[in-house]
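Structure data (mmCIF, C-alpha atoms) from entry11.cif:
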data_query
#
loop_
_atom_site.group_PDB
_atom_site.id
_atom_site.type_symbol
_atom_site.label_atom_id
_atom_site.label_comp_id
_atom_site.auth_asym_id
_atom_site.auth_seq_id
_atom_site.Cartn_x
_atom_site.Cartn_y
_atom_site.Cartn_z
ATOM 1 C CA MET Y 29 167.338 285.645 18.290
ATOM 2 C CA VAL Y 30 165.544 285.231 14.902
ATOM 3 C CA LYS Y 31 165.747 289.013 14.352
ATOM 4 C CA ARG Y 32 169.500 288.902 15.047
ATOM 5 C CA ILE Y 33 169.981 286.074 12.524
ATOM 6 C CA ILE Y 34 167.956 287.984 9.895
ATOM 7 C CA LEU Y 35 170.024 291.125 10.575
ATOM 8 C CA GLY Y 36 173.187 289.028 10.146
ATOM 9 C CA PHE Y 37 172.065 287.715 6.757
ATOM 10 C CA VAL Y 38 171.005 291.202 5.605
ATOM 11 C CA ALA Y 39 174.368 292.663 6.740
ATOM 12 C CA VAL Y 40 176.369 289.957 4.935
ATOM 13 C CA ALA Y 41 174.261 290.368 1.752
ATOM 14 C CA PHE Y 42 174.836 294.129 1.796
ATOM 15 C CA VAL Y 43 178.610 293.924 2.318
ATOM 16 C CA ILE Y 44 178.967 291.315 -0.462
ATOM 17 C CA ALA Y 45 176.934 293.534 -2.822
ATOM 18 C CA ALA Y 46 179.004 296.569 -1.751
ATOM 19 C CA ALA Y 47 182.294 294.746 -2.441
ATOM 20 C CA TYR Y 48 180.943 293.640 -5.860
ATOM 21 C CA ALA Y 49 179.965 297.239 -6.666
ATOM 22 C CA SER Y 50 183.422 298.512 -5.591
ATOM 23 C CA PHE Y 51 185.222 296.043 -7.870
ATOM 24 C CA PHE Y 52 182.909 295.732 -10.881
ATOM 25 C CA ILE Y 53 180.534 298.729 -11.029
ATOM 26 C CA ALA Y 54 182.661 301.692 -9.894
ATOM 27 C CA PRO Y 55 184.770 303.086 -12.754
ATOM 28 C CA THR Y 56 188.566 303.078 -12.474
ATOM 29 C CA GLU Y 57 189.903 306.333 -11.051
ATOM 30 C CA ARG Y 58 191.989 308.266 -13.617
ATOM 31 C CA THR Y 59 195.046 309.211 -11.494
ATOM 32 C CA MET Y 60 195.386 306.403 -8.953
ATOM 33 C CA GLY Y 61 193.972 303.517 -10.959
ATOM 34 C CA ASP Y 62 192.458 300.426 -9.343
ATOM 35 C CA ILE Y 63 194.103 300.953 -5.944
ATOM 36 C CA GLN Y 64 191.497 303.700 -5.373
ATOM 37 C CA ARG Y 65 188.878 300.899 -4.949
ATOM 38 C CA ILE Y 66 190.155 300.491 -1.374
ATOM 39 C CA PHE Y 67 188.602 303.939 -0.723
ATOM 40 C CA TYR Y 68 185.032 302.489 -0.650
ATOM 41 C CA PHE Y 69 185.887 299.960 2.073
ATOM 42 C CA HIS Y 70 188.267 302.302 3.949
ATOM 43 C CA VAL Y 71 185.951 305.341 4.129
ATOM 44 C CA GLY Y 72 182.836 303.166 4.673
ATOM 45 C CA SER Y 73 184.517 301.602 7.729
ATOM 46 C CA ALA Y 74 185.718 305.015 8.973
ATOM 47 C CA TRP Y 75 182.267 306.596 8.637
ATOM 48 C CA ALA Y 76 180.557 303.678 10.388
ATOM 49 C CA GLY Y 77 183.228 303.801 13.118
ATOM 50 C CA MET Y 78 182.630 307.518 13.791
ATOM 51 C CA ASP Y 79 178.869 306.948 14.043
ATOM 52 C CA VAL Y 80 179.329 303.954 16.358
ATOM 53 C CA PHE Y 81 181.577 306.104 18.609
ATOM 54 C CA PHE Y 82 178.821 308.746 18.592
ATOM 55 C CA VAL Y 83 176.300 306.157 19.835
ATOM 56 C CA CYS Y 84 178.894 305.151 22.467
ATOM 57 C CA PHE Y 85 179.139 308.811 23.553
ATOM 58 C CA ILE Y 86 175.323 309.116 23.866
ATOM 59 C CA ALA Y 87 175.166 305.818 25.822
ATOM 60 C CA ASN Y 88 177.937 307.083 28.155
ATOM 61 C CA LEU Y 89 176.077 310.356 28.768
ATOM 62 C CA LEU Y 90 172.839 308.460 29.435
ATOM 63 C CA TYR Y 91 174.629 306.119 31.857
ATOM 64 C CA VAL Y 92 176.038 309.059 33.856
ATOM 65 C CA TRP Y 93 172.545 310.595 33.952
ATOM 66 C CA ARG Y 94 170.339 307.523 34.564
ATOM 67 C CA ARG Y 95 172.795 304.880 35.939
ATOM 68 C CA ASP Y 96 170.961 302.194 33.930
ATOM 69 C CA PRO Y 97 173.283 299.178 33.252
ATOM 70 C CA GLN Y 98 171.758 298.791 29.764
ATOM 71 C CA TYR Y 99 173.482 302.036 28.739
ATOM 72 C CA ASP Y 100 176.762 300.669 30.087
ATOM 73 C CA SER Y 101 176.286 297.549 27.915
ATOM 74 C CA LEU Y 102 175.518 299.701 24.873
ATOM 75 C CA GLY Y 103 178.555 301.911 25.595
ATOM 76 C CA VAL Y 104 181.059 299.059 25.823
ATOM 77 C CA SER Y 105 179.516 297.314 22.789
ATOM 78 C CA CYS Y 106 179.867 300.435 20.643
ATOM 79 C CA ALA Y 107 183.388 301.120 21.938
ATOM 80 C CA GLU Y 108 184.537 297.619 20.976
ATOM 81 C CA VAL Y 109 182.872 297.674 17.528
ATOM 82 C CA GLY Y 110 184.159 301.212 16.872
ATOM 83 C CA LEU Y 111 187.641 300.097 17.815
ATOM 84 C CA VAL Y 112 187.475 297.152 15.374
ATOM 85 C CA LEU Y 113 186.249 299.464 12.580
ATOM 86 C CA THR Y 114 189.063 301.949 13.343
ATOM 87 C CA THR Y 115 191.578 299.072 13.305
ATOM 88 C CA VAL Y 116 190.397 298.207 9.773
ATOM 89 C CA VAL Y 117 190.734 301.882 8.790
ATOM 90 C CA LEU Y 118 194.310 301.968 10.139
ATOM 91 C CA ILE Y 119 195.178 298.776 8.215
ATOM 92 C CA THR Y 120 193.542 299.586 4.861
ATOM 93 C CA GLY Y 121 194.832 303.195 4.824
ATOM 94 C CA PRO Y 122 198.555 302.300 4.723
ATOM 95 C CA ILE Y 123 197.887 299.507 2.161
ATOM 96 C CA TRP Y 124 196.401 302.220 -0.099
ATOM 97 C CA ALA Y 125 199.098 304.775 0.818
ATOM 98 C CA LYS Y 126 202.164 302.678 -0.058
ATOM 99 C CA PRO Y 127 201.575 302.512 -3.866
ATOM 100 C CA VAL Y 128 200.112 306.059 -3.998
ATOM 101 C CA TRP Y 129 202.376 308.045 -1.632
ATOM 102 C CA GLY Y 130 205.366 305.687 -1.657
ATOM 103 C CA ILE Y 131 205.220 305.430 2.148
ATOM 104 C CA TRP Y 132 203.071 303.386 4.524
ATOM 105 C CA TRP Y 133 202.546 306.089 7.128
ATOM 106 C CA THR Y 134 203.166 309.730 7.945
ATOM 107 C CA TRP Y 135 202.366 311.636 11.140
ATOM 108 C CA ASP Y 136 199.959 314.138 9.583
ATOM 109 C CA ALA Y 137 196.908 315.517 11.405
ATOM 110 C CA ARG Y 138 194.365 312.988 10.053
ATOM 111 C CA LEU Y 139 196.500 309.880 10.530
ATOM 112 C CA THR Y 140 197.760 310.951 13.952
ATOM 113 C CA SER Y 141 194.309 311.927 15.288
ATOM 114 C CA THR Y 142 192.902 308.581 14.042
ATOM 115 C CA PHE Y 143 195.728 306.691 15.758
ATOM 116 C CA VAL Y 144 195.080 308.685 18.975
ATOM 117 C CA LEU Y 145 191.372 307.772 18.655
ATOM 118 C CA TRP Y 146 192.344 304.099 18.430
ATOM 119 C CA LEU Y 147 194.584 304.434 21.511
ATOM 120 C CA LEU Y 148 191.837 306.222 23.464
ATOM 121 C CA TYR Y 149 189.325 303.407 22.931
ATOM 122 C CA VAL Y 150 191.962 300.752 23.680
ATOM 123 C CA SER Y 151 192.469 302.637 26.968
ATOM 124 C CA TYR Y 152 188.685 302.697 27.530
ATOM 125 C CA LEU Y 153 188.562 298.890 27.261
ATOM 126 C CA LEU Y 154 191.725 298.464 29.383
ATOM 127 C CA LEU Y 155 190.236 300.690 32.072
ATOM 128 C CA ARG Y 156 187.135 298.479 32.174
ATOM 129 C CA SER Y 157 189.236 295.345 32.564
ATOM 130 C CA LEU Y 158 191.066 296.868 35.564
ATOM 131 C CA ILE Y 159 187.975 297.717 37.671
ATOM 132 C CA GLU Y 160 186.131 294.794 39.265
ATOM 133 C CA GLU Y 161 183.202 296.542 40.952
ATOM 134 C CA ALA Y 162 180.448 296.798 38.289
ATOM 135 C CA ASP Y 163 178.926 300.217 39.151
ATOM 136 C CA ARG Y 164 182.305 301.890 39.582
ATOM 137 C CA ARG Y 165 183.559 300.313 36.311
ATOM 138 C CA ALA Y 166 180.476 301.542 34.439
ATOM 139 C CA LEU Y 167 180.688 305.106 35.805
ATOM 140 C CA LEU Y 168 184.440 305.597 35.324
ATOM 141 C CA SER Y 169 184.423 304.125 31.829
ATOM 142 C CA ALA Y 170 181.386 306.256 30.870
ATOM 143 C CA LEU Y 171 183.251 309.388 32.030
ATOM 144 C CA PHE Y 172 186.361 308.284 30.134
ATOM 145 C CA GLY Y 173 184.234 307.512 27.040
ATOM 146 C CA ILE Y 174 182.784 311.048 27.087
ATOM 147 C CA PHE Y 175 186.338 312.428 27.206
ATOM 148 C CA ALA Y 176 187.556 310.044 24.441
ATOM 149 C CA PHE Y 177 184.807 311.191 22.067
ATOM 150 C CA ILE Y 178 186.378 314.685 21.924
ATOM 151 C CA ASP Y 179 188.853 313.229 19.390
ATOM 152 C CA VAL Y 180 186.103 312.164 16.923
ATOM 153 C CA PRO Y 181 185.302 315.716 15.663
ATOM 154 C CA LEU Y 182 189.060 316.371 15.583
ATOM 155 C CA VAL Y 183 189.509 313.388 13.228
ATOM 156 C CA PHE Y 184 186.612 314.590 11.058
ATOM 157 C CA PHE Y 185 187.767 318.208 10.792
ATOM 158 C CA SER Y 186 191.539 317.527 10.631
ATOM 159 C CA ILE Y 187 191.565 317.436 6.800
ATOM 160 C CA ARG Y 188 189.456 320.620 6.723
ATOM 161 C CA TRP Y 189 191.409 322.619 9.319
ATOM 162 C CA TRP Y 190 194.983 321.664 8.433
ATOM 163 C CA ARG Y 191 196.916 320.936 5.248
ATOM 164 C CA THR Y 192 197.603 317.195 5.389
ATOM 165 C CA GLN Y 193 199.226 314.420 3.391
ATOM 166 C CA HIS Y 194 195.843 312.665 3.621
ATOM 167 C CA PRO Y 195 193.578 313.553 0.657
ATOM 168 C CA SER Y 196 191.176 316.488 1.074
ATOM 169 C CA PRO Y 197 187.512 315.592 1.670
ATOM 170 C CA VAL Y 198 185.647 314.432 -1.443
ATOM 171 C CA ILE Y 199 182.321 314.258 0.432
ATOM 172 C CA MET Y 200 181.044 317.422 2.135
ATOM 173 C CA GLY Y 201 184.289 319.100 1.096
ATOM 174 C CA GLY Y 202 182.809 322.256 -0.426
ATOM 175 C CA SER Y 203 183.272 323.525 -3.976
ATOM 176 C CA GLY Y 204 185.733 321.584 -6.132
ATOM 177 C CA SER Y 205 185.171 318.339 -4.237
ATOM 178 C CA GLY Y 206 182.907 315.437 -5.179
ATOM 179 C CA LEU Y 207 182.879 312.138 -7.024
ATOM 180 C CA ASP Y 208 181.858 310.807 -10.421
ATOM 181 C CA PRO Y 209 178.073 309.994 -10.215
ATOM 182 C CA THR Y 210 178.616 306.186 -10.419
ATOM 183 C CA MET Y 211 181.431 306.340 -7.866
ATOM 184 C CA ASN Y 212 179.160 308.420 -5.640
ATOM 185 C CA LYS Y 213 176.387 305.784 -5.734
ATOM 186 C CA VAL Y 214 178.875 302.960 -5.040
ATOM 187 C CA PHE Y 215 180.422 304.989 -2.222
ATOM 188 C CA PHE Y 216 177.114 305.679 -0.441
ATOM 189 C CA PHE Y 217 176.038 302.055 -0.923
ATOM 190 C CA ASN Y 218 179.292 300.994 0.783
ATOM 191 C CA VAL Y 219 178.666 303.472 3.627
ATOM 192 C CA LEU Y 220 175.153 302.045 4.073
ATOM 193 C CA ALA Y 221 176.444 298.441 3.990
ATOM 194 C CA MET Y 222 179.130 299.170 6.603
ATOM 195 C CA HIS Y 223 176.534 300.846 8.846
ATOM 196 C CA ILE Y 224 174.247 297.788 8.647
ATOM 197 C CA PHE Y 225 177.214 295.503 9.341
ATOM 198 C CA ALA Y 226 178.324 297.695 12.274
ATOM 199 C CA ALA Y 227 174.758 297.627 13.663
ATOM 200 C CA PHE Y 228 174.800 293.810 13.450
ATOM 201 C CA LEU Y 229 178.104 293.650 15.378
ATOM 202 C CA VAL Y 230 176.815 296.085 18.036
ATOM 203 C CA VAL Y 231 173.626 294.025 18.491
ATOM 204 C CA GLU Y 232 175.669 290.810 18.876
ATOM 205 C CA ARG Y 233 178.123 292.440 21.297
ATOM 206 C CA TYR Y 234 175.244 293.978 23.283
ATOM 207 C CA ALA Y 235 173.588 290.545 23.628
ATOM 208 C CA LEU Y 236 176.925 289.206 24.933
ATOM 209 C CA ASP Y 237 177.104 291.945 27.569
ATOM 210 C CA ARG Y 238 173.525 291.314 28.707
ATOM 211 C CA THR Y 239 174.447 287.617 29.155
ATOM 212 C CA ARG Y 240 177.479 288.697 31.218
ATOM 213 C CA HIS Y 241 175.128 290.799 33.349
ATOM 214 C CA GLU Y 242 172.850 287.753 33.791
ATOM 215 C CA VAL Y 243 175.886 285.724 34.969
ATOM 216 C CA GLU Y 244 176.739 288.415 37.564
ATOM 217 C CA LEU Y 245 173.159 288.366 38.908
ATOM 218 C CA LEU Y 246 173.106 284.555 39.101
ATOM 219 C CA GLN Y 247 176.505 284.540 40.862
ATOM 220 C CA ARG Y 248 175.093 286.851 43.551
ATOM 221 C CA GLU Y 249 171.980 284.648 43.831
ATOM 222 C CA ALA Y 250 174.117 281.476 44.077
ATOM 223 C CA GLU Y 251 176.283 283.051 46.813
ATOM 224 C CA ALA Y 252 173.166 284.056 48.782
ATOM 225 C CA ALA Y 253 171.527 280.606 48.426
ATOM 226 C CA MET N 3 194.107 295.380 -12.769
ATOM 227 C CA LYS N 4 197.174 297.165 -11.363
ATOM 228 C CA ASN N 5 198.007 296.786 -7.646
ATOM 229 C CA LEU N 6 195.617 293.854 -7.424
ATOM 230 C CA GLY N 7 197.695 292.343 -4.601
ATOM 231 C CA SER N 8 197.312 295.479 -2.459
ATOM 232 C CA ILE N 9 193.550 295.680 -3.118
ATOM 233 C CA PHE N 10 193.012 292.033 -2.171
ATOM 234 C CA ALA N 11 195.292 292.392 0.871
ATOM 235 C CA ALA N 12 193.226 295.358 2.131
ATOM 236 C CA TYR N 13 189.899 293.525 1.716
ATOM 237 C CA LEU N 14 191.225 290.197 2.979
ATOM 238 C CA ILE N 15 192.894 291.596 6.115
ATOM 239 C CA GLY N 16 189.957 293.953 6.777
ATOM 240 C CA TRP N 17 187.354 291.198 6.564
ATOM 241 C CA GLY N 18 189.692 288.878 8.471
ATOM 242 C CA VAL N 19 189.663 291.352 11.383
ATOM 243 C CA PHE N 20 185.834 291.536 11.310
ATOM 244 C CA PHE N 21 185.546 287.752 11.113
ATOM 245 C CA LEU N 22 187.914 287.206 14.061
ATOM 246 C CA PHE N 23 186.001 289.793 16.096
ATOM 247 C CA TYR N 24 182.693 288.050 15.331
ATOM 248 C CA LEU N 25 184.237 284.678 16.278
ATOM 249 C CA SER N 26 185.424 286.150 19.599
ATOM 250 C CA ILE N 27 181.879 287.403 20.333
ATOM 251 C CA ALA N 28 180.428 283.969 19.478
ATOM 252 C CA LYS N 29 183.008 282.176 21.676
ATOM 253 C CA ARG N 30 182.494 284.526 24.648
ATOM 254 C CA THR N 31 178.691 284.224 24.312
ATOM 255 C CA SER N 32 178.856 280.435 24.209
ATOM 256 C CA ASP N 33 181.101 280.357 27.340
ATOM 257 C CA LEU N 34 178.761 282.714 29.212
ATOM 258 C CA ARG N 35 175.659 280.705 28.223
ATOM 259 C CA ALA N 36 177.317 277.570 29.650
ATOM 260 C CA GLU N 37 178.064 279.531 32.849
ATOM 261 C CA VAL N 38 174.426 280.703 33.047
ATOM 262 C CA GLU N 39 173.224 277.078 32.851
ATOM 263 C CA ARG N 40 175.742 275.986 35.520
ATOM 264 C CA LEU N 41 174.723 278.810 37.877
ATOM 265 C CA LYS N 42 171.009 278.149 37.330
ATOM 266 C CA GLY N 43 171.659 274.548 38.377
ATOM 267 C CA LEU N 44 173.505 275.710 41.500
ATOM 268 C CA VAL N 45 170.723 278.144 42.445
ATOM 269 C CA ALA N 46 168.053 275.446 41.909
ATOM 270 C CA LYS N 47 169.995 273.027 44.164
ATOM 271 C CA GLY N 48 170.320 275.694 46.858
ATOM 272 C CA LYS N 49 166.541 276.321 46.973
#
Rendering of file as structure tokens:
Amino acid sequence: MVKRIILGFVAVAFVIAAAYASFFIAPTERTMGDIQRIFYFHVGSAWAGMDVFFVCFIANLLYVWRRDPQYDSLGVSCAEVGLVLTTVVLITGPIWAKPVWGIWWTWDARLTSTFVLWLLYVSYLLLRSLIEEADRRALLSALFGIFAFIDVPLVFFSIRWWRTQHPSPVIMGGSGSGLDPTMNKVFFFNVLAMHIFAAFLVVERYALDRTRHEVELLQREAEAA
Amino acid sequence: MKNLGSIFAAYLIGWGVFFLFYLSIAKRTSDLRAEVERLKGLVAKGK
């Protein structure tokens, strides 16, 4: 419990420092102006979301292999946190797009694949809520989670494989891409902060699921007594 | 700062979503902890 509280304080300190750096340390982008500052929060959330979905995928694979309920708890925790991060990405993106593109949304490959990703993990959580038997719920949702993860590389590569309205990659985008050195530092600090914050949320959500598991065990014990 | 409203809206709504999610975790945990205590009492009575 103490470790979780410490992690919470560290996560909050990092995200406050990251927001400060985005507003007051990062230079103003020449073409877009200040609206570009959303990029640090938007991409930081997206990157953390992808990594959380990757952990979800590993937990799902491990559940199918070992049938250990702890992997089921980790899977659902990561799916929920990843979904929240993707929700933030889908909200902050259009807020940036409106002044820059003149439109809130367009059905290009990156935006559409991200929206499909969001729908897939909503379906993952809906599927869980529809199955009452714990082992069956864990197995079916793990199998669905493995399938849902297929969209994550599609989201990542969409701006590399297809010409999109969404900006080309500035990180790992090959020659001609990249950021101003100060922007680069602020960007990676934001990515780190969002990862720490995402880890904090996963730990909290995992603790919740272990408590739910404890309730299920006690219910069985109470029925037997 | 140009587009200040949009920048603040993005950060405010984004952090609002995170805050609401954290509150939902805290609420669900608190409800489950109360249920754990209730069930422990029931099991102890049964023994």
* To do: Counting all atoms listed in the file, find the residues whose atoms lie at most 12 Å from (192.8, 293.1, -1.1) (file coordinates) and write them out as a count of residues only.
  => 32
* Closest of Y:Val214, Y:Val109, Y:Val71, Y:Leu207 to chain N - atom-to-atom distances counting all atoms listed in the file -> Y:Val109
* Picked residues, the PyMOL selection byres ((chain N and resi 23-40) around 7), as number ranges by chain -> Y: 233, 236, 239-240, 243; N: 19-22, 41-44
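Considering all atoms listed in the file, the residue among Y:Leu153, Y:Ala226, Y:Ala76, Y:Ile199 positioned nearest to chain N is Y:Ala226.
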* To do: May I have the protein, DNA and RNA residues with any atom at most 12 Å from the point (188.5, 302.6, 18.2), counting all atoms listed in the file, written as number ranges by chain?
  => Y: 73-74, 76-82, 84, 104-118, 141-153, 173, 176-177, 179-180, 183
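Of the listed residues (Y:Met211, Y:Val230, Y:Leu220, Y:Leu158), Y:Met211 comes nearest to Y:Thr56; the distances count all atoms listed in the file.
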